[in-house]
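Asks: Submitted below is the structure of interest, expressed as structure tokens.
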Amino acid sequence: MILRRLTTALRKQDWFTVVIETLIVVFGVFIGLQVNNWNVARGNRVAEADFMERLHPDIVRVEQSSERVRARRVSVVNDLRSATEVIFDVVERDRLTQAECMAIATSHYYNINVLSLPSVTELTNAGRLSIIRDPALRAALVDYEQRVEALLAYIEKDHALANNLLMLRPELVKVQPVFDAELGEMQTRPDCDLEAMREDRAFLNAVAENLDAYDAYLRDGLLPWDAQLAEIHRLIDSALGITHEEAAQ
């Protein structure tokens, strides 16, 4: 109808009518685009809120699934460093502590439960990461995926190169199975022959290599991933107005 009137006005050279009809068409298109943009924006806000609600339990699940092992992996490096100092006579002592002996026995352990974030994977695969308005959270999620890849690469590479000291020199580090009633799991209890360790050059070299590899694994793999996981949790808690006490319930 409008186009017909506009065509008739042009034939009659009724420029006032032409201007009015053109403005009506332009205004109508503008309003239509604005309504569409509002609908898209509203849909994105709904999708963003749904994503936030799903991401929080994903984060909690990843943290809880690896919490105990993460603590073990981080604590081992300090005991491994002090054990190495004793073995190499940097610190004068005639025996290793149980924790130091355990660190030697487990210095080739790198595995940790690195679960995915299904909500992030789904959003990324759909190409809809842009619905997240907070640029800090958006960047943190992208960085997290990179941290996961780096950690998995370190686990695969360093674990393959690490020296299994239990098998390399079984007479120097002897273990026996014990049941830990407090944790409710089977564990190994190591016994280290410090004097014999100090006399075995191949063993000393292997210990030094393990310490170097484990330190790199923590510094460039596990700790950056752990810190990024905590940062995402902090940003999500802030966006949802959740305190740590509420999140733990």
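By order in the structure tokens, chains are A, B, ...; within a chain, residues start at 1; ligands start at 1, following the order shown.
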Could you list, with a cut-off of 10 Å and counting only C-alpha atoms, the residues of segment 41-98 of chain A near segment 115-128 of chain A, each shown with its nearest atom pair and the distance in Å rounded to one decimal, rows sorted by chain and ascending number, as CSV?

Replies:
residue,atom,partner,partner_atom,distance
A:Asn44,CA,A:Arg128,CA,9.1
A:Ala47,CA,A:Arg128,CA,9.5
A:Glu48,CA,A:Arg128,CA,9.6
A:Asp50,CA,A:Ser119,CA,9.7
A:Phe51,CA,A:Ser119,CA,6.6
A:Met52,CA,A:Ser119,CA,8.8
A:Glu53,CA,A:Ser119,CA,9.6
A:Arg54,CA,A:Ser119,CA,6.3
A:Leu55,CA,A:Ser119,CA,5.8
A:His56,CA,A:Ser119,CA,9.4
A:Pro57,CA,A:Leu117,CA,9.5
A:Asp58,CA,A:Leu117,CA,5.7
A:Ile59,CA,A:Leu117,CA,7.0
A:Arg61,CA,A:Leu115,CA,8.4
A:Val62,CA,A:Leu115,CA,5.7
A:Glu63,CA,A:Leu115,CA,9.0
A:Ser65,CA,A:Leu115,CA,7.9
A:Ser66,CA,A:Leu115,CA,8.6

Asks: Give me the residues near segment 102-108 of chain A as number ranges by chain, where near means some atom within 7 Å (using only C-alpha atoms) and where sequence neighbours in that chain fewer than 2 positions away do not count.

Replies: A: 76, 79-80, 98-100, 110, 159, 162-166, 173, 190, 210

Asks: Closest to Asp212 of chain A among A:Glu185, A:Ala49, A:Arg81, A:Ile236, using only C-alpha atoms?

Replies: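 Smallest distance to Asp212 of chain A is found for A:Arg81.
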
Asks: Tell me, as an MDAnalysis selection string, which residues lie within 9 Å of Arg45 of chain A, counting only C-alpha atoms; anything in the same chain fewer than 6 positions away does not count.

Replies: chainID A and resid 131:133

Asks: Write the residues of the preceding selection, restricted to all heavy atoms, as a PDB file, in the first residue's frame.

Replies:
ATOM      1  N   ILE A 131      27.757 -13.880  24.450  1.00  0.00           N
ATOM      2  CA  ILE A 131      26.591 -13.485  25.262  1.00  0.00           C
ATOM      3  C   ILE A 131      27.016 -13.105  26.680  1.00  0.00           C
ATOM      4  O   ILE A 131      26.246 -12.471  27.403  1.00  0.00           O
ATOM      5  CB  ILE A 131      25.524 -14.597  25.322  1.00  0.00           C
ATOM      6  CG1 ILE A 131      26.026 -15.802  26.124  1.00  0.00           C
ATOM      7  CG2 ILE A 131      25.056 -14.987  23.935  1.00  0.00           C
ATOM      8  CD1 ILE A 131      24.960 -16.837  26.414  1.00  0.00           C
ATOM      9  N   ILE A 132      28.231 -13.480  27.080  1.00  0.00           N
ATOM     10  CA  ILE A 132      28.734 -13.125  28.412  1.00  0.00           C
ATOM     11  C   ILE A 132      29.198 -11.677  28.365  1.00  0.00           C
ATOM     12  O   ILE A 132      30.156 -11.339  27.668  1.00  0.00           O
ATOM     13  CB  ILE A 132      29.892 -14.047  28.833  1.00  0.00           C
ATOM     14  CG1 ILE A 132      29.440 -15.496  28.798  1.00  0.00           C
ATOM     15  CG2 ILE A 132      30.399 -13.668  30.221  1.00  0.00           C
ATOM     16  CD1 ILE A 132      30.553 -16.475  29.053  1.00  0.00           C
ATOM     17  N   ARG A 133      28.536 -10.814  29.090  1.00  0.00           N
ATOM     18  CA  ARG A 133      28.835  -9.381  29.021  1.00  0.00           C
ATOM     19  C   ARG A 133      30.106  -8.997  29.769  1.00  0.00           C
ATOM     20  O   ARG A 133      30.772  -8.042  29.398  1.00  0.00           O
ATOM     21  CB  ARG A 133      27.648  -8.583  29.574  1.00  0.00           C
ATOM     22  CG  ARG A 133      26.423  -8.592  28.663  1.00  0.00           C
ATOM     23  CD  ARG A 133      25.234  -7.961  29.349  1.00  0.00           C
ATOM     24  NE  ARG A 133      24.747  -8.773  30.466  1.00  0.00           N
ATOM     25  CZ  ARG A 133      23.726  -8.440  31.247  1.00  0.00           C
ATOM     26  NH1 ARG A 133      23.099  -7.288  31.046  1.00  0.00           N
ATOM     27  NH2 ARG A 133      23.335  -9.229  32.218  1.00  0.00           N
TER      28      ARG A 133
END

Asks: Give me, as a list in words, the residues of segment 78-183 of chain A that a backbone DSSP run labels strand (DSSP E or B).

Replies: Val173, Lys174, Val175, Gln176, Pro177, Val178, Phe179 and Asp180 of chain A

Asks: Output the selection as a PDB file, in the first residue's frame - all heavy atoms for each residue.

Replies:
ATOM      1  N   VAL A 173      64.210 -47.770  47.887  1.00  0.00           N
ATOM      2  CA  VAL A 173      62.900 -47.278  48.319  1.00  0.00           C
ATOM      3  C   VAL A 173      61.937 -48.461  48.325  1.00  0.00           C
ATOM      4  O   VAL A 173      61.452 -48.896  47.280  1.00  0.00           O
ATOM      5  CB  VAL A 173      62.361 -46.172  47.379  1.00  0.00           C
ATOM      6  CG1 VAL A 173      61.068 -45.582  47.951  1.00  0.00           C
ATOM      7  CG2 VAL A 173      63.387 -45.089  47.163  1.00  0.00           C
ATOM      8  N   LYS A 174      61.673 -48.979  49.494  1.00  0.00           N
ATOM      9  CA  LYS A 174      60.784 -50.132  49.629  1.00  0.00           C
ATOM     10  C   LYS A 174      59.423 -49.670  50.131  1.00  0.00           C
ATOM     11  O   LYS A 174      59.341 -48.803  51.005  1.00  0.00           O
ATOM     12  CB  LYS A 174      61.385 -51.141  50.604  1.00  0.00           C
ATOM     13  CG  LYS A 174      62.765 -51.654  50.185  1.00  0.00           C
ATOM     14  CD  LYS A 174      63.364 -52.538  51.252  1.00  0.00           C
ATOM     15  CE  LYS A 174      64.778 -52.985  50.867  1.00  0.00           C
ATOM     16  NZ  LYS A 174      65.403 -53.830  51.918  1.00  0.00           N
ATOM     17  N   VAL A 175      58.363 -50.229  49.573  1.00  0.00           N
ATOM     18  CA  VAL A 175      57.018 -49.832  49.986  1.00  0.00           C
ATOM     19  C   VAL A 175      56.210 -51.064  50.372  1.00  0.00           C
ATOM     20  O   VAL A 175      56.466 -52.179  49.887  1.00  0.00           O
ATOM     21  CB  VAL A 175      56.282 -49.074  48.854  1.00  0.00           C
ATOM     22  CG1 VAL A 175      56.957 -47.758  48.540  1.00  0.00           C
ATOM     23  CG2 VAL A 175      56.169 -49.925  47.604  1.00  0.00           C
ATOM     24  N   GLN A 176      55.259 -50.833  51.260  1.00  0.00           N
ATOM     25  CA  GLN A 176      54.316 -51.883  51.619  1.00  0.00           C
ATOM     26  C   GLN A 176      52.922 -51.279  51.674  1.00  0.00           C
ATOM     27  O   GLN A 176      52.756 -50.102  52.021  1.00  0.00           O
ATOM     28  CB  GLN A 176      54.678 -52.504  52.967  1.00  0.00           C
ATOM     29  CG  GLN A 176      54.679 -51.525  54.140  1.00  0.00           C
ATOM     30  CD  GLN A 176      55.027 -52.204  55.448  1.00  0.00           C
ATOM     31  OE1 GLN A 176      55.046 -53.428  55.537  1.00  0.00           O
ATOM     32  NE2 GLN A 176      55.283 -51.413  56.474  1.00  0.00           N
ATOM     33  N   PRO A 177      51.891 -52.048  51.300  1.00  0.00           N
ATOM     34  CA  PRO A 177      50.520 -51.519  51.286  1.00  0.00           C
ATOM     35  C   PRO A 177      49.953 -51.414  52.699  1.00  0.00           C
ATOM     36  O   PRO A 177      50.167 -52.288  53.539  1.00  0.00           O
ATOM     37  CB  PRO A 177      49.751 -52.560  50.459  1.00  0.00           C
ATOM     38  CG  PRO A 177      50.521 -53.833  50.673  1.00  0.00           C
ATOM     39  CD  PRO A 177      51.959 -53.436  50.804  1.00  0.00           C
ATOM     40  N   VAL A 178      49.266 -50.320  52.956  1.00  0.00           N
ATOM     41  CA  VAL A 178      48.582 -50.115  54.240  1.00  0.00           C
ATOM     42  C   VAL A 178      47.215 -49.504  53.965  1.00  0.00           C
ATOM     43  O   VAL A 178      47.016 -48.815  52.953  1.00  0.00           O
ATOM     44  CB  VAL A 178      49.387 -49.182  55.183  1.00  0.00           C
ATOM     45  CG1 VAL A 178      50.696 -49.820  55.580  1.00  0.00           C
ATOM     46  CG2 VAL A 178      49.613 -47.836  54.524  1.00  0.00           C
ATOM     47  N   PHE A 179      46.280 -49.746  54.863  1.00  0.00           N
ATOM     48  CA  PHE A 179      44.950 -49.156  54.727  1.00  0.00           C
ATOM     49  C   PHE A 179      44.855 -47.950  55.640  1.00  0.00           C
ATOM     50  O   PHE A 179      45.072 -48.045  56.849  1.00  0.00           O
ATOM     51  CB  PHE A 179      43.866 -50.166  55.093  1.00  0.00           C
ATOM     52  CG  PHE A 179      42.469 -49.600  54.999  1.00  0.00           C
ATOM     53  CD1 PHE A 179      41.875 -49.390  53.756  1.00  0.00           C
ATOM     54  CD2 PHE A 179      41.759 -49.261  56.141  1.00  0.00           C
ATOM     55  CE1 PHE A 179      40.594 -48.862  53.657  1.00  0.00           C
ATOM     56  CE2 PHE A 179      40.477 -48.740  56.050  1.00  0.00           C
ATOM     57  CZ  PHE A 179      39.896 -48.543  54.805  1.00  0.00           C
ATOM     58  N   ASP A 180      44.559 -46.790  55.044  1.00  0.00           N
ATOM     59  CA  ASP A 180      44.391 -45.552  55.809  1.00  0.00           C
ATOM     60  C   ASP A 180      42.930 -45.453  56.225  1.00  0.00           C
ATOM     61  O   ASP A 180      42.057 -45.150  55.416  1.00  0.00           O
ATOM     62  CB  ASP A 180      44.787 -44.342  54.954  1.00  0.00           C
ATOM     63  CG  ASP A 180      44.874 -43.062  55.776  1.00  0.00           C
ATOM     64  OD1 ASP A 180      43.965 -42.824  56.593  1.00  0.00           O
ATOM     65  OD2 ASP A 180      45.837 -42.291  55.591  1.00  0.00           O
TER      66      ASP A 180
END

Asks: What is the atom CA of Val148 of chain A-atom CA of Ala213 of chain A distance in Å, reported with one decimal?

Replies: 18.3 Å

Asks: Take atom CA of Glu195 of chain A and atom CA of Glu85 of chain A and report the distance between them in Å, one decimal.

Replies: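 So the answer is 13.6 Å.
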